Amino acid sequence: MNEHLDAFDGDVLDLIVPGTLDAIRVDRVIAMLTGLSRSEATTLVNEGSVSIDDKVVRKGSVVLEEGQHLVAVLPAPDTGVVEPDASVMVDVVLDDEDFAVVNKAAGQVVHPGAGQRTGTLVAGLLARYPQLRDLSDEGLSDPFRPGIVHRLDKGTSGVLVVAKTPEGLVSLRDQLATRSMERTYLGLVEGHVPEERGVVDAPIGRSARNPTLMAVRGDGRPARTGYEVLARLEKPHAVTLLRLSLDTGRTHQIRVHMSTIGHPVVNDPRYGHRRDRRLDDERFWLHSRTLAFEHPRTGERVVAGASLPVDLASLVPGWEGA
């Protein structure tokens with residue numbers, strides 16, 4: 001079943017059911033694809049962590065049909081350690097004694113989860129920076145996420161910062177929490193956004209209708225996303241290129257906020273309003289463009305970025321260096 005491993009995004013299985021899985025029980029499919037035991041998969045279903053076509057299912061005996069949208073929030077691994085893997089590509093944009101800024105590739109999972117335990121960015125980072133293990137050994141980091149300050153979804157490309165020392169970790173986490181770390185993204189969204197710039201200020205929490213998704217909720221955590229129109233394009237259909245800024249960092253924040261205002265990120269399989277509309281069958285269209293933060297020791301402002309990767313740049317001619 002390795003052909004379905006691209007459906008994993010850390011601790012989430014997100015899959016359009018292929019013909020090879022048609023007429024198979026949902027608990028069996030989850031067990032086959034994730035490596036969980038059949039009883040563990042059944043428990044996952046019973047707990048309401050699995051949905052089919054945006055509806056929670058609570059019986060493992062439910063039979064899947066080709067074309068259905070299966071989503072499952074998987075349990076995090078609770079034993080073992082991440083083994084360094086020098087074969088994992090780590091594109092370092094900026095290397096410092098206290099941190100490294102890396103350019104994550106689309107399709108790369110940041111840290112291990114039940115759906116993917118090997119080949120993650122963390123494994124590559126440990127091979128390059130063995131001192132990251134000290135952060136988890138000292139109890140400063142989760143052993144599966146040593147040095148990870150923030151993460152990007154599997155489908156999102158671009159820059160993220162990784163702490164290499166206790167001082168770097170404490171400082172960068174504090175800057176993230178106090179919102180002094182600046183993060184900008186480039187995103188292509190469905191339709192033409194009418195206003196030149198705006199802010200979506202709407203709290204985000206776990207969806208009450210589907211706990212495998214996030215949603216705008218009155219009792220959610222505060223979330224603010226700013227956006228600015230860079231270009232409105234007509235081909236192959238109406239889309240808008242945005243520069244987006246995060247004042248907060250909630251799970252799937254940009255994806256939820258853009259979907260909420262009627263302009264989901266192009267090719268977003270989870271929050272898109274038009275799952276049958278794909279842009280040249282290309283990947284999820286969101287890129288972490290720049291990071292800005294204070295150096296943990298000197299206090300100087302550090303700015304790092306990554307240009308649009310070729311696959312995204314080809315879809316917005318003239319914006320290769322955006």
# chains A, B, ... in the order shown; residues from 1 in each chain; ligands from 1
$ residues_around --residues "stretch 146-162 of chain A" --least-positions-apart "4" --cutoff "9 Å" --atoms "only C-alpha atoms" --output "JSON, numbers by chain"
{"A": [8, 9, 10, 93, 98, 99, 100, 101, 102, 103, 104, 105, 106, 107, 108, 109, 110, 111, 122, 125, 126, 132, 133, 134, 135, 136, 140, 141, 142, 166, 168, 169, 172, 173, 176, 185, 249, 251, 252, 268, 283, 284, 285, 286, 287, 288, 289, 290, 291, 304, 305, 306, 307, 308, 309]}
$ residues_around --residues "stretch 212-229 of chain A" --least-positions-apart "5" --cutoff "9 Å" --atoms "only C-alpha atoms" --output "VMD selection string"
chain A and resid 12 48 to 51 54 56 71 to 73 193 to 207 240 to 254 256 to 258 260 270 to 271
$ select_by_dssp --residues "stretch 69-310 of chain A" --states "alpha helix (DSSP H)" --output "PDB file with C-alpha atoms, in the first residue's frame"
ATOM      1  CA  LEU A 121      12.610  16.430   8.050  1.00  0.00           C
ATOM      2  CA  VAL A 122      13.529  15.792  11.700  1.00  0.00           C
ATOM      3  CA  ALA A 123      15.449  12.658  10.698  1.00  0.00           C
ATOM      4  CA  GLY A 124      17.467  14.693   8.210  1.00  0.00           C
ATOM      5  CA  LEU A 125      18.040  17.455  10.767  1.00  0.00           C
ATOM      6  CA  LEU A 126      19.344  14.982  13.350  1.00  0.00           C
ATOM      7  CA  ALA A 127      21.842  13.633  10.817  1.00  0.00           C
ATOM      8  CA  ARG A 128      23.098  17.150  10.119  1.00  0.00           C
ATOM      9  CA  LEU A 132      19.338  18.461  18.536  1.00  0.00           C
ATOM     10  CA  ARG A 133      19.104  15.209  20.459  1.00  0.00           C
ATOM     11  CA  ASP A 134      20.372  17.040  23.549  1.00  0.00           C
ATOM     12  CA  LEU A 135      17.272  19.238  23.538  1.00  0.00           C
ATOM     13  CA  SER A 136      14.989  16.239  23.942  1.00  0.00           C
ATOM     14  CA  ASP A 137      17.367  14.478  26.347  1.00  0.00           C
ATOM     15  CA  PRO A 166      18.541  25.635  24.704  1.00  0.00           C
ATOM     16  CA  GLU A 167      19.010  29.410  24.461  1.00  0.00           C
ATOM     17  CA  GLY A 168      17.804  29.421  20.879  1.00  0.00           C
ATOM     18  CA  LEU A 169      14.815  27.244  21.670  1.00  0.00           C
ATOM     19  CA  VAL A 170      13.630  29.340  24.613  1.00  0.00           C
ATOM     20  CA  SER A 171      14.041  32.601  22.719  1.00  0.00           C
ATOM     21  CA  LEU A 172      12.389  31.486  19.490  1.00  0.00           C
ATOM     22  CA  ARG A 173       9.479  29.856  21.274  1.00  0.00           C
ATOM     23  CA  ASP A 174       8.942  33.038  23.272  1.00  0.00           C
ATOM     24  CA  GLN A 175       9.005  35.167  20.118  1.00  0.00           C
ATOM     25  CA  LEU A 176       6.479  32.874  18.496  1.00  0.00           C
ATOM     26  CA  ALA A 177       4.224  33.035  21.565  1.00  0.00           C
ATOM     27  CA  GLN A 253      -4.909  28.880  10.071  1.00  0.00           C
ATOM     28  CA  ILE A 254      -4.446  30.240   6.550  1.00  0.00           C
ATOM     29  CA  ARG A 255      -6.368  27.357   5.025  1.00  0.00           C
ATOM     30  CA  VAL A 256      -9.313  27.783   7.411  1.00  0.00           C
ATOM     31  CA  HIS A 257      -9.446  31.580   7.159  1.00  0.00           C
ATOM     32  CA  MET A 258      -9.232  31.671   3.359  1.00  0.00           C
ATOM     33  CA  SER A 259     -11.900  28.997   3.062  1.00  0.00           C
ATOM     34  CA  THR A 260     -14.112  30.907   5.503  1.00  0.00           C
ATOM     35  CA  VAL A 310       9.659  25.969  -9.734  1.00  0.00           C
TER      36      VAL A 310
END
$ select_by_dssp --residues "stretch 213-305 of chain A" --states "strand (DSSP E)" --output "VMD selection string"
chain A and resid 214 to 216 224 to 233 239 to 246 286 to 294 301 to 305
$ atom_distance --atom1 "atom CA of A:Ser39" --atom2 "atom CA of A:Lys55"
21.6 Å
$ residues_around --residues "stretch 19-33 of chain A" --least-positions-apart "2" --cutoff "7 Å" --atoms "only C-alpha atoms" --output "MDAnalysis selection string"
chainID A and resid 1 17 35:38 41:42 60:66
$ write_last_selection --atoms "N, CA and C atoms" --output "PDB file, in the first residue's frame"
ATOM      1  N   MET A   1       0.811  -1.217   0.000  1.00  0.00           N
ATOM      2  CA  MET A   1       0.000   0.000   0.000  1.00  0.00           C
ATOM      3  C   MET A   1       0.850   1.275   0.000  1.00  0.00           C
ATOM      4  N   VAL A  17     -10.490   7.819  -1.602  1.00  0.00           N
ATOM      5  CA  VAL A  17     -10.449   6.362  -1.670  1.00  0.00           C
ATOM      6  C   VAL A  17     -10.268   5.890  -3.116  1.00  0.00           C
ATOM      7  N   GLY A  35      -0.198   1.128   9.752  1.00  0.00           N
ATOM      8  CA  GLY A  35       0.599   0.245  10.587  1.00  0.00           C
ATOM      9  C   GLY A  35       0.014   0.056  11.971  1.00  0.00           C
ATOM     10  N   LEU A  36      -1.128   0.706  12.259  1.00  0.00           N
ATOM     11  CA  LEU A  36      -1.810   0.488  13.521  1.00  0.00           C
ATOM     12  C   LEU A  36      -2.407  -0.924  13.541  1.00  0.00           C
ATOM     13  N   SER A  37      -2.595  -1.466  14.741  1.00  0.00           N
ATOM     14  CA  SER A  37      -3.266  -2.753  14.844  1.00  0.00           C
ATOM     15  C   SER A  37      -4.739  -2.567  14.512  1.00  0.00           C
ATOM     16  N   ARG A  38      -5.424  -3.680  14.240  1.00  0.00           N
ATOM     17  CA  ARG A  38      -6.846  -3.591  13.913  1.00  0.00           C
ATOM     18  C   ARG A  38      -7.621  -3.016  15.098  1.00  0.00           C
ATOM     19  N   ALA A  41      -7.065   0.713  15.283  1.00  0.00           N
ATOM     20  CA  ALA A  41      -7.839   1.396  14.244  1.00  0.00           C
ATOM     21  C   ALA A  41      -9.310   1.462  14.631  1.00  0.00           C
ATOM     22  N   THR A  42      -9.822   0.401  15.219  1.00  0.00           N
ATOM     23  CA  THR A  42     -11.215   0.387  15.657  1.00  0.00           C
ATOM     24  C   THR A  42     -11.454   1.411  16.757  1.00  0.00           C
ATOM     25  N   GLY A  60     -16.352   0.715  12.859  1.00  0.00           N
ATOM     26  CA  GLY A  60     -15.289   0.222  12.001  1.00  0.00           C
ATOM     27  C   GLY A  60     -15.770  -0.632  10.866  1.00  0.00           C
ATOM     28  N   SER A  61     -17.012  -1.109  10.950  1.00  0.00           N
ATOM     29  CA  SER A  61     -17.559  -1.990   9.917  1.00  0.00           C
ATOM     30  C   SER A  61     -18.038  -1.239   8.685  1.00  0.00           C
ATOM     31  N   VAL A  62     -18.031   0.106   8.732  1.00  0.00           N
ATOM     32  CA  VAL A  62     -18.474   0.897   7.578  1.00  0.00           C
ATOM     33  C   VAL A  62     -17.581   0.571   6.382  1.00  0.00           C
ATOM     34  N   VAL A  63     -18.187   0.298   5.252  1.00  0.00           N
ATOM     35  CA  VAL A  63     -17.449  -0.081   4.047  1.00  0.00           C
ATOM     36  C   VAL A  63     -17.200   1.151   3.176  1.00  0.00           C
ATOM     37  N   LEU A  64     -15.977   1.303   2.741  1.00  0.00           N
ATOM     38  CA  LEU A  64     -15.596   2.454   1.920  1.00  0.00           C
ATOM     39  C   LEU A  64     -16.007   2.249   0.459  1.00  0.00           C
ATOM     40  N   GLU A  65     -16.218   3.382  -0.220  1.00  0.00           N
ATOM     41  CA  GLU A  65     -16.523   3.364  -1.637  1.00  0.00           C
ATOM     42  C   GLU A  65     -15.508   4.221  -2.377  1.00  0.00           C
ATOM     43  N   GLU A  66     -15.153   3.805  -3.563  1.00  0.00           N
ATOM     44  CA  GLU A  66     -14.206   4.563  -4.379  1.00  0.00           C
ATOM     45  C   GLU A  66     -14.683   6.001  -4.545  1.00  0.00           C
TER      46      GLU A  66
END
$ atom_distance --atom1 "atom CA of A:Asp85" --atom2 "atom CA of A:Gly139"
22.4 Å
$ closest_residue --among "A:Glu182, A:Glu40, A:Glu190, A:Glu138" --to "A:Val265" --atoms "only C-alpha atoms"
A:Glu190
$ decode --residues "stretch 49-71 of chain A" --atoms "N, CA and C atoms" --output "CSV table (one decimal), in the first residue's frame"
chain,number,residue,atom,x,y,z
A,49,SER,N,-12.6,10.0,15.6
A,49,SER,CA,-11.4,10.6,15.0
A,49,SER,C,-11.3,10.3,13.5
A,50,VAL,N,-12.4,9.7,12.9
A,50,VAL,CA,-12.4,9.4,11.5
A,50,VAL,C,-13.7,9.9,10.8
A,51,SER,N,-13.5,10.5,9.7
A,51,SER,CA,-14.6,11.0,8.9
A,51,SER,C,-14.6,10.5,7.5
A,52,ILE,N,-15.8,10.4,6.9
A,52,ILE,CA,-15.9,10.0,5.5
A,52,ILE,C,-16.8,11.1,4.9
A,53,ASP,N,-16.3,11.8,3.9
A,53,ASP,CA,-17.0,12.8,3.2
A,53,ASP,C,-17.5,13.8,4.2
A,54,ASP,N,-16.7,14.2,5.2
A,54,ASP,CA,-16.9,15.3,6.2
A,54,ASP,C,-18.0,14.8,7.2
A,55,LYS,N,-18.3,13.6,7.3
A,55,LYS,CA,-19.2,13.1,8.3
A,55,LYS,C,-18.5,12.1,9.2
A,56,VAL,N,-18.5,12.3,10.5
A,56,VAL,CA,-17.8,11.4,11.5
A,56,VAL,C,-18.5,10.0,11.4
A,57,VAL,N,-17.6,9.0,11.4
A,57,VAL,CA,-18.1,7.6,11.4
A,57,VAL,C,-17.6,7.0,12.8
A,58,ARG,N,-18.5,6.2,13.4
A,58,ARG,CA,-18.1,5.6,14.7
A,58,ARG,C,-18.2,4.1,14.6
A,59,LYS,N,-18.3,3.5,13.5
A,59,LYS,CA,-18.3,2.0,13.3
A,59,LYS,C,-17.3,1.6,12.4
A,60,GLY,N,-16.4,0.7,12.9
A,60,GLY,CA,-15.3,0.2,12.0
A,60,GLY,C,-15.8,-0.6,10.9
A,61,SER,N,-17.0,-1.1,10.9
A,61,SER,CA,-17.6,-2.0,9.9
A,61,SER,C,-18.0,-1.2,8.7
A,62,VAL,N,-18.0,0.1,8.7
A,62,VAL,CA,-18.5,0.9,7.6
A,62,VAL,C,-17.6,0.6,6.4
A,63,VAL,N,-18.2,0.3,5.3
A,63,VAL,CA,-17.4,-0.1,4.0
A,63,VAL,C,-17.2,1.2,3.2
A,64,LEU,N,-16.0,1.3,2.7
A,64,LEU,CA,-15.6,2.5,1.9
A,64,LEU,C,-16.0,2.2,0.5
A,65,GLU,N,-16.2,3.4,-0.2
A,65,GLU,CA,-16.5,3.4,-1.6
A,65,GLU,C,-15.5,4.2,-2.4
A,66,GLU,N,-15.2,3.8,-3.6
A,66,GLU,CA,-14.2,4.6,-4.4
A,66,GLU,C,-14.7,6.0,-4.5
A,67,GLY,N,-13.8,7.0,-4.4
A,67,GLY,CA,-14.1,8.4,-4.5
A,67,GLY,C,-14.4,9.1,-3.3
A,68,GLN,N,-14.7,8.3,-2.2
A,68,GLN,CA,-15.0,9.0,-0.9
A,68,GLN,C,-13.8,9.7,-0.3
A,69,HIS,N,-14.0,10.7,0.5
A,69,HIS,CA,-12.9,11.4,1.1
A,69,HIS,C,-12.8,10.9,2.6
A,70,LEU,N,-11.7,10.2,2.8
A,70,LEU,CA,-11.4,9.6,4.1
A,70,LEU,C,-10.4,10.5,4.9
A,71,VAL,N,-10.7,10.9,6.1
A,71,VAL,CA,-9.7,11.6,6.9
A,71,VAL,C,-9.7,11.0,8.3
